[in-house]
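Listing of protein_23.txt, compact mmCIF, C-alpha atoms
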# COMPACT_ATOMS: atom_id res chain seq x y z
CA MET A 60 -18.08 5.93 -6.46
CA SER A 61 -17.77 8.84 -4.00
CA GLU A 62 -16.90 8.38 -0.33
CA GLN A 63 -20.46 9.38 0.56
CA GLU A 64 -21.98 6.75 -1.74
CA HIS A 65 -19.55 4.12 -0.48
CA ALA A 66 -20.42 4.81 3.17
CA THR A 67 -24.14 4.67 2.39
CA ARG A 68 -23.76 1.34 0.59
CA LEU A 69 -21.70 -0.08 3.46
CA LEU A 70 -24.35 0.88 6.03
CA GLN A 71 -27.06 -0.63 3.82
CA ALA A 72 -25.07 -3.85 3.46
CA LEU A 73 -24.72 -4.23 7.23
CA ALA A 74 -28.39 -3.43 7.90
CA ASP A 75 -29.34 -7.09 7.49
CA PRO A 76 -29.11 -9.83 10.17
CA THR A 77 -27.95 -12.50 7.72
CA ARG A 78 -25.16 -10.34 6.34
CA LEU A 79 -24.05 -9.46 9.87
CA ARG A 80 -23.83 -13.20 10.64
CA LEU A 81 -21.78 -13.68 7.47
CA VAL A 82 -19.37 -10.89 8.40
CA ALA A 83 -18.99 -12.37 11.91
CA ALA A 84 -18.27 -15.81 10.43
CA LEU A 85 -15.71 -14.45 7.97
CA LEU A 86 -13.95 -12.46 10.69
CA GLU A 87 -13.38 -15.76 12.48
CA GLN A 88 -11.87 -17.39 9.40
CA PRO A 89 -12.09 -17.20 5.57
CA ALA A 90 -14.46 -19.71 3.97
CA CYS A 91 -16.10 -20.70 0.69
CA VAL A 92 -19.84 -20.58 -0.01
CA GLU A 93 -20.41 -24.25 0.83
CA GLU A 94 -18.66 -23.94 4.19
CA LEU A 95 -20.62 -20.81 5.09
CA ALA A 96 -23.89 -22.48 4.12
CA GLU A 97 -23.13 -25.40 6.43
CA ARG A 98 -22.01 -23.22 9.32
CA LEU A 99 -24.99 -20.84 9.15
CA GLY A 100 -27.61 -23.41 8.18
CA LEU A 101 -28.63 -21.55 5.02
CA ALA A 102 -28.93 -22.50 1.36
CA ALA A 103 -25.89 -21.88 -0.83
CA PRO A 104 -27.80 -19.52 -3.21
CA THR A 105 -28.82 -17.41 -0.20
CA ILE A 106 -25.22 -17.20 0.94
CA SER A 107 -24.09 -16.23 -2.58
CA HIS A 108 -26.72 -13.47 -2.77
CA HIS A 109 -25.66 -11.88 0.52
CA LEU A 110 -21.96 -12.25 -0.26
CA GLY A 111 -22.60 -10.30 -3.45
CA LYS A 112 -24.08 -7.44 -1.42
CA LEU A 113 -21.10 -7.45 0.95
CA ASP A 114 -18.73 -7.53 -2.02
CA GLN A 115 -20.43 -4.51 -3.62
CA ALA A 116 -19.93 -2.64 -0.34
CA GLY A 117 -16.21 -3.39 -0.38
CA LEU A 118 -16.33 -5.68 2.64
CA LEU A 119 -14.92 -8.81 0.99
CA ASN A 120 -11.77 -10.15 -0.61
CA ARG A 121 -12.00 -13.23 -2.82
CA ARG A 122 -9.24 -15.62 -3.87
CA ARG A 123 -9.12 -18.88 -5.80
CA GLU A 124 -7.97 -22.06 -4.07
CA GLN A 125 -8.09 -25.00 -6.48
CA TYR A 126 -11.76 -25.37 -7.44
CA TYR A 127 -13.18 -23.04 -4.78
CA THR A 128 -13.51 -19.29 -4.28
CA VAL A 129 -12.59 -18.41 -0.71
CA CYS A 130 -14.06 -15.24 0.81
CA GLU A 131 -12.52 -13.24 3.63
CA ALA A 132 -13.59 -10.07 5.41
CA ARG A 133 -11.66 -6.90 4.61
CA PRO A 134 -10.68 -5.39 7.97
CA GLY A 135 -10.19 -1.82 6.70
CA PRO A 136 -13.83 -0.77 6.16
CA LEU A 137 -14.88 -2.46 9.41
CA GLN A 138 -12.39 -0.42 11.44
CA ARG A 139 -14.28 2.80 10.83
CA THR A 140 -16.48 3.98 13.67
CA LEU A 141 -20.22 4.37 13.23
CA ARG A 142 -19.78 8.13 13.63
CA GLU A 143 -17.30 8.25 10.74
CA LEU A 144 -19.66 6.29 8.49
CA VAL A 145 -22.64 8.48 9.41
CA ASP A 146 -20.60 11.65 8.77
CA LEU A 147 -19.61 10.29 5.36
CA ALA A 148 -23.10 9.13 4.42
CA THR A 149 -24.63 12.48 5.40
CA GLY A 150 -21.94 14.48 3.60
CA GLN A 151 -19.77 15.96 6.33
CA PRO A 152 -16.70 16.98 4.28
CA ALA A 153 -14.77 18.68 7.09
CA ALA A 154 -14.95 15.65 9.35
CA GLU A 155 -13.91 13.37 6.50
CA GLN A 156 -11.03 15.63 5.49
CA ALA A 157 -9.72 15.64 9.04
CA ARG A 158 -10.03 11.86 9.22
CA LEU A 159 -8.18 11.41 5.93
CA GLU A 160 -5.33 13.67 7.04
CA GLN A 161 -5.07 11.83 10.33
CA HIS A 162 -4.99 8.52 8.45
CA ARG A 163 -2.31 9.88 6.10
CA GLN A 164 -0.12 10.96 9.00
CA ARG A 165 -0.43 7.51 10.59
CA ILE A 166 0.75 5.87 7.37
CA LEU A 167 3.69 8.23 6.96
CA GLY A 168 4.64 7.73 10.59
CA ALA A 169 4.65 3.96 10.16
CA PHE A 170 6.69 3.84 6.96
CA PHE A 171 9.07 6.80 7.33
CA ALA A 172 11.70 7.42 9.99
CA ASP A 173 13.49 10.79 10.04
CA GLY A 174 12.53 11.46 6.43
CA ARG A 175 13.69 8.05 5.10
CA LEU A 176 11.40 5.38 3.74
CA ARG A 177 11.75 2.03 5.47
CA GLN A 178 9.90 0.11 2.76
CA LEU A 179 6.96 0.42 0.42
CA PRO A 180 3.59 -0.72 1.81
CA ALA A 181 1.90 -3.72 0.21
CA GLN A 182 -1.61 -2.27 0.37
CA ARG A 183 -2.33 -0.13 -2.66
CA LYS A 184 -3.99 2.77 -0.80
CA LYS A 185 -1.15 3.03 1.70
CA ARG A 186 1.38 2.78 -1.10
CA GLN A 187 -0.32 5.67 -2.91
CA VAL A 188 0.01 7.86 0.20
CA VAL A 189 3.72 7.02 0.47
CA LEU A 190 4.35 7.59 -3.25
CA ALA A 191 2.58 10.97 -3.16
CA ALA A 192 4.85 12.01 -0.29
CA LEU A 193 7.91 10.97 -2.32
CA ALA A 194 6.65 12.78 -5.42
CA ALA A 195 6.45 16.02 -3.39
CA ASP A 196 10.28 16.17 -3.58
CA PHE A 197 10.02 17.06 -7.30
CA GLU A 198 9.27 20.56 -8.58
CA PRO A 199 6.25 21.00 -10.88
CA GLY A 200 7.11 21.88 -14.47
CA ARG A 201 10.77 20.94 -14.22
CA GLU A 202 12.42 18.15 -16.21
CA TYR A 203 14.83 15.76 -14.50
CA ALA A 204 17.45 13.43 -15.94
CA GLU A 205 17.32 9.86 -14.68
CA ASP A 206 20.40 10.26 -12.49
CA GLU A 207 18.79 13.31 -10.86
CA VAL A 208 15.64 11.32 -10.16
CA ASN A 209 17.72 8.50 -8.69
CA ALA A 210 19.59 10.93 -6.43
CA ILE A 211 16.38 12.54 -5.14
CA ILE A 212 14.71 9.19 -4.44
CA GLY A 213 17.94 7.67 -3.11
CA ALA A 214 18.02 10.28 -0.35
CA ARG A 215 14.75 8.76 0.90
CA HIS A 216 15.21 5.06 0.06
CA ASP A 217 18.10 2.89 -1.13
CA ASP A 218 16.07 1.00 -3.76
CA TYR A 219 15.53 4.02 -6.00
CA CYS A 220 14.88 1.84 -9.08
CA THR A 221 11.77 0.26 -7.56
CA VAL A 222 10.45 3.57 -6.23
CA ARG A 223 11.09 5.32 -9.56
CA ARG A 224 9.16 2.60 -11.41
CA GLU A 225 6.29 2.80 -8.90
CA LEU A 226 6.06 6.58 -9.31
CA VAL A 227 5.83 6.16 -13.09
CA ASP A 228 3.36 3.26 -12.91
CA ASP A 229 1.15 5.18 -10.49
CA GLY A 230 1.02 8.19 -12.83
CA LEU A 231 2.89 10.56 -10.50
CA LEU A 232 5.95 10.87 -12.74
CA GLN A 233 5.93 11.05 -16.52
CA ARG A 234 8.82 9.47 -18.41
CA GLY A 235 9.82 10.25 -21.97
CA LYS A 236 12.70 10.86 -24.35
CA ALA A 237 14.16 14.32 -24.77
CA ALA A 238 16.31 15.92 -27.45
CA GLY A 239 19.49 14.96 -25.62
CA PRO A 240 20.66 11.52 -24.49
CA GLY A 241 18.79 9.51 -21.90
CA LEU A 242 15.28 9.74 -20.50
CA ARG A 243 13.61 12.74 -18.92
CA TYR A 244 11.12 12.78 -16.05
CA ARG A 245 8.64 15.35 -14.84
CA LEU A 246 5.74 15.48 -12.40
CA ALA A 247 2.48 14.44 -14.03
CA GLY A 248 0.58 17.13 -12.12
CA ASP A 249 0.49 19.03 -8.85
CA VAL A 250 1.04 16.91 -5.75
CA ASN A 251 -1.06 18.59 -3.10
CA VAL A 252 0.72 17.21 -0.04
CA PRO A 253 3.37 18.84 2.20
CA ARG A 254 6.97 17.88 1.55
CA LEU A 255 8.56 15.57 4.10
CA PRO A 256 11.45 16.81 6.28
CA ALA A 257 14.89 16.46 4.72
CA PRO A 258 16.24 12.98 5.52
CA GLY A 259 18.87 12.41 8.20
CA THR A 260 18.78 15.86 9.78
CA GLY A 261 16.35 15.46 12.67
CA ALA A 262 16.61 14.05 16.14
CA GLY A 263 15.06 10.81 14.94
CA ALA A 264 18.02 9.85 12.70
CA SER A 265 19.02 6.97 14.95
CA ALA A 266 15.50 5.55 14.70
CA ALA A 267 15.94 5.02 10.94
CA ARG A 268 18.90 2.64 11.42
CA PRO A 269 18.27 -1.11 11.47
CA GLU A 270 18.27 -2.74 14.89
CA ARG A 271 21.50 -4.62 14.22
CA THR A 272 23.49 -1.34 13.82
CA ARG A 273 22.62 -0.01 17.26
CA THR A 274 25.25 -0.20 19.97
CA MET A 275 24.80 -2.14 23.17
CA GLU A 276 24.89 1.15 25.08
CA ASN A 277 21.92 2.48 23.09
CA GLU A 278 19.97 -0.73 23.61
CA ALA A 279 20.55 -0.49 27.36
CA THR A 280 18.90 2.94 27.52
CA VAL A 281 15.67 1.88 25.75
CA THR A 282 12.74 1.53 28.10
CA PRO A 283 10.59 -1.64 27.90
CA LYS A 284 7.65 0.36 26.58
CA THR A 285 9.65 1.91 23.74
CA ASP A 286 11.11 -1.48 22.89
CA ARG A 287 7.64 -3.03 22.63
CA GLN A 288 6.48 -0.21 20.41
CA ARG A 289 9.48 -0.70 18.11
CA ARG A 290 8.87 -4.43 17.80
CA LYS A 291 5.21 -3.80 17.02
CA GLU A 292 6.24 -1.27 14.37
CA TRP A 293 8.59 -3.72 12.63
CA ILE A 294 6.00 -6.50 12.76
CA GLU A 295 3.51 -4.18 11.05
CA LEU A 296 6.09 -3.27 8.41
CA TYR A 297 6.75 -6.95 7.73
CA LYS A 298 3.02 -7.63 7.31
CA GLN A 299 2.65 -4.69 4.94
CA ALA A 300 5.71 -5.51 2.86
CA ARG A 301 4.88 -6.23 -0.75
CA LYS A 302 5.08 -9.98 -1.29
CA THR A 303 6.45 -10.62 -4.77
CA ALA A 304 7.27 -14.02 -6.25
CA GLY A 305 10.40 -14.45 -8.33
CA VAL A 306 13.91 -15.76 -8.84
CA TYR A 307 16.90 -14.29 -7.01
CA CYS A 308 20.60 -14.96 -6.61
CA ILE A 309 23.50 -14.34 -4.26
CA ARG A 310 26.38 -13.37 -6.54
CA ASN A 311 30.08 -13.70 -5.73
CA THR A 312 31.33 -10.53 -7.42
CA VAL A 313 34.93 -11.79 -7.39
CA THR A 314 34.41 -15.17 -9.11
CA GLY A 315 30.98 -14.59 -10.71
CA ARG A 316 29.60 -17.76 -9.14
CA VAL A 317 25.97 -17.52 -7.99
CA LEU A 318 23.54 -19.23 -5.67
CA LEU A 319 20.15 -19.38 -7.41
CA GLY A 320 16.96 -19.24 -5.37
CA SER A 321 13.23 -18.98 -5.93
CA SER A 322 10.48 -17.82 -3.60
CA VAL A 323 6.85 -16.71 -3.58
CA ASN A 324 7.93 -13.94 -1.21
CA LEU A 325 11.19 -12.29 -2.30
CA HIS A 326 11.61 -10.02 0.71
CA GLY A 327 12.18 -13.01 3.03
CA PRO A 328 15.03 -15.14 1.60
CA PHE A 329 17.68 -12.39 1.48
CA ASN A 330 17.33 -11.74 5.21
CA ARG A 331 17.48 -15.46 5.95
CA HIS A 332 20.54 -16.10 3.77
CA ARG A 333 22.38 -13.05 5.09
CA THR A 334 21.72 -14.02 8.70
CA GLU A 335 22.89 -17.63 8.16
CA LEU A 336 26.06 -16.45 6.41
CA ARG A 337 26.89 -13.95 9.13
CA LEU A 338 26.41 -16.62 11.78
CA GLY A 339 28.55 -19.08 9.81
CA SER A 340 25.70 -21.59 9.64
CA HIS A 341 24.67 -21.46 5.98
CA ARG A 342 23.59 -24.82 4.55
CA CYS A 343 25.74 -24.35 1.43
CA PRO A 344 29.31 -25.05 2.61
CA ALA A 345 30.97 -23.71 -0.56
CA LEU A 346 29.15 -20.38 -0.33
CA GLN A 347 29.90 -20.11 3.38
CA ALA A 348 33.60 -20.81 2.75
CA ASP A 349 33.83 -18.07 0.09
CA TRP A 350 31.92 -15.65 2.34
CA ASN A 351 34.36 -16.31 5.19
CA ARG A 352 37.36 -15.91 2.87
CA LEU A 353 36.29 -12.87 0.83
CA GLY A 354 34.04 -11.02 3.26
CA GLU A 355 30.46 -9.75 3.02
CA ASP A 356 31.32 -6.88 0.65
CA ALA A 357 32.24 -9.37 -2.07
CA PHE A 358 28.63 -10.61 -2.41
CA ALA A 359 25.59 -9.03 -4.03
CA PHE A 360 21.97 -10.01 -3.37
CA GLU A 361 19.99 -9.59 -6.59
CA VAL A 362 16.43 -10.16 -7.85
CA LEU A 363 16.80 -11.71 -11.31
CA ASP A 364 13.15 -11.87 -12.33
CA ALA A 365 9.74 -11.29 -10.74
CA VAL A 366 6.26 -12.62 -11.39
CA PRO A 367 3.76 -9.87 -12.37
CA ALA A 368 2.09 -8.56 -9.23
CA GLU A 369 -1.42 -9.13 -10.60
CA LEU A 370 -0.95 -12.92 -10.71
CA ALA A 371 -1.91 -15.00 -7.67
CA GLY A 372 -2.49 -18.58 -6.62
CA LEU A 373 -2.04 -21.23 -9.29
CA GLU A 374 -1.29 -18.66 -12.03
CA ARG A 375 1.51 -17.16 -9.91
CA ASP A 376 2.98 -20.61 -9.17
CA GLU A 377 3.01 -21.58 -12.84
CA ALA A 378 4.62 -18.27 -13.83
CA LEU A 379 7.26 -18.81 -11.14
CA ARG A 380 8.02 -22.31 -12.47
CA GLN A 381 8.61 -20.87 -15.93
CA LEU A 382 11.00 -18.25 -14.53
CA GLU A 383 12.88 -20.98 -12.66
CA LYS A 384 13.33 -22.98 -15.89
CA LYS A 385 14.54 -19.87 -17.72
CA TRP A 386 17.25 -18.98 -15.20
CA LEU A 387 18.33 -22.56 -14.61
CA ALA A 388 18.81 -22.96 -18.37
CA ALA A 389 20.87 -19.77 -18.45
CA HIS A 390 23.25 -21.09 -15.78
CA GLN A 391 23.96 -24.58 -17.12
CA PRO A 392 26.00 -26.51 -16.26
CA LEU A 393 25.21 -25.75 -12.63
CA ALA A 394 28.43 -27.21 -11.23
CA ASP A 395 30.57 -24.68 -13.14
CA ARG A 396 28.56 -21.50 -12.62
CA CYS A 397 26.51 -22.04 -9.47
CA TYR A 398 26.84 -23.01 -5.86
CA ASN A 399 23.67 -25.07 -6.39
CA THR A 400 24.03 -28.83 -6.89
CA SER A 401 20.31 -29.35 -7.59
CA GLU A 402 17.74 -27.68 -9.81
CA LYS A 403 15.25 -27.63 -6.93
CA ILE A 404 16.14 -24.06 -6.13
CA ARG A 405 12.86 -23.25 -4.38
CA VAL A 406 13.53 -25.74 -1.60
CA ARG A 407 17.18 -24.63 -1.48
CA GLN A 408 18.94 -27.98 -2.04
CA PHE A 409 22.68 -27.62 -2.56

Have the structure of the file written as C-alpha cells, please.
Amino acid sequence: MSEQEHATRLLQALADPTRLRLVAALLEQPACVEELAERLGLAAPTISHHLGKLDQAGLLNRRREQYYTVCEARPGPLQRTLRELVDLATGQPAAEQARLEQHRQRILGAFFADGRLRQLPAQRKKRQVVLAALAADFEPGREYAEDEVNAIIGARHDDYCTVRRELVDDGLLQRGKAAGPGLRYRLAGDVNVPRLPAPGTGAGASAARPERTRTMENEATVTPKTDRQRRKEWIELYKQARKTAGVYCIRNTVTGRVLLGSSVNLHGPFNRHRTELRLGSHRCPALQADWNRLGEDAFAFEVLDAVPAELAGLERDEALRQLEKKWLAAHQPLADRCYNTSEKIRVRQF
C-alpha cells in the first residue's frame, strides 16, 4: 500500500464517531472487545467491526493475554498532523519527502552521538533507518571479508555481531562463500542515504560517552536544561531498546565459573548485575568475593541463547523455559560449575 493510500484509509477510518470514541478509549488504556463494549455501551459485534476498520488503517496493535485479544492504539499514525495526512492523501510528494527526511534526521539524532550508535531501536521502522545509515559505510560493488565488516561496524558500535546480523537479515548486506577461506559480504544494492560523519572526530565526542565516565568537573558545567534533555534522551533510548528474552551468564574468565540468569528483557539484567557488583552489594556473595579479588576485567557478560523475536506472550515464555532447561542441563552439577545454588535462575536465587 502506498503512503497516499494509507493516509486516505486512515482519514476514512477516523471519519466515524464510533471509531473516534474507540480510539479515545484505547488511548486511555488497552482493552479487549468485551471491555470496550461495556465502556461504550455498544454490542460486541459492533465493536469488533469498527476495530477491524481501525486495524486496516494501521491504528491498532493486538496482543494475546491468556484467552483474550487486547487492543491498543498505535501512537505513531496519530502523531501526524491533519495537514500531513491531507498532503499525503492528495499526493503532495515534495511535502512528504521533506517530512520523511526530517523524521529520518530525528531518528539518527536520537540514536547516534558523534557518529557512534548508542543502541539499535526496537521499532522496526526506526531500526531500518539506523541500519540504512550503517550500510552507507560500505562501498557498492565491493566484497568484504568478515573481519573487514566487523571493523567497519565496530567503529560505529561495539556489538558488531548483532549489527552485522541485522544488516544481513534486513537485506542490506549479502553474505556468501567465496573462492578463498571465510565468508564474503557485499551491499545488496545502492543505499541512497548520506554517509554519517566519521565517529569520534567531532566536537560531540564527549556526548557519546556513558554518564558514568564523565568527570565531576564536566558534570558541574552542565546547565539544568541540558541535563534534563540528556535524561529525556536516555529514557527514550531505554524505551526503544529491543526487548529480547533469553538466557545469559556472567562468566569468571579466570576460573570458568558462571552465574546463570534468565530474563524476558536481556538488556536490563547486565546493567543491574554490573551496578550491584561495583557497589559491592551483589546478592551472590561468592560472585561478589571473586569480583573484589580479581577485578572487573576478569568477568564477561554473555548472552547464551535468545528466544526468536517473533514470539510473544505465552509462546515466548514457553520457549524461554525450554532454553533455561537446556542451559541448566549443560552446567550440571550446579555447585561445581556455577555460582547458582538453585535452578530458579529467572528469579535469581543463589

**OP:** Find the residues near Thr77 (chain A): any atom within 9 Å, counting all atoms listed in the file, skip ones fewer than 4 places away on the same chain, and give them as an NGL selection string.
**Re:** :A and (73 or 81-82 or 99 or 106 or 109)

Mind dumping the selected residues with C-alpha atoms as a JSON list (two decimals), keeping the file's coordinate frame?
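Everything below was put into selection-v2.json:
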[["chain", "number", "residue", "atom", "x", "y", "z"],
["A", 73, "LEU", "CA", -24.72, -4.23, 7.23],
["A", 81, "LEU", "CA", -21.78, -13.68, 7.47],
["A", 82, "VAL", "CA", -19.37, -10.89, 8.40],
["A", 99, "LEU", "CA", -24.99, -20.84, 9.15],
["A", 106, "ILE", "CA", -25.22, -17.20, 0.94],
["A", 109, "HIS", "CA", -25.66, -11.88, 0.52]]

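Taking only C-alpha atoms into account, Asn311 (chain A) lies nearest to A:Tyr398 out of the set A:Tyr398, A:Lys384, A:Val227, A:Ala365.
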
Subject >> Given all atoms listed in the file as the counted atoms, nearest of A:Ile404, A:Leu101, A:Ile211, A:Gln115 to Arg80 (chain A) >> reply: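 So, comparing all the options, the nearest one is A:Leu101.
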
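Note that CA of His216 (chain A) and CA of Arg177 (chain A) are 7.1 Å apart.
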
Subject >> Interatomic distance, CA of Lys185 (chain A) to CA of Glu369 (chain A) (Å, one decimal) >> reply: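 CA of Glu369 (chain A) lies at a distance of 17.3 Å from CA of Lys185 (chain A).
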
**OP:** Find the residues near region 120-128 of chain A: any atom within 9 Å, counting only C-alpha atoms, skip ones fewer than 4 places away on the same chain, and give them as a ChimeraX atom specification.
**Re:** /A:90-92,114,132-133,371-373

Original post:
What is the CA of Ala394 (chain A) to CA of Leu346 (chain A) distance in Å?
Top reply: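 Atom-to-atom, CA of Ala394 (chain A) to CA of Leu346 (chain A), that is 12.9 Å.
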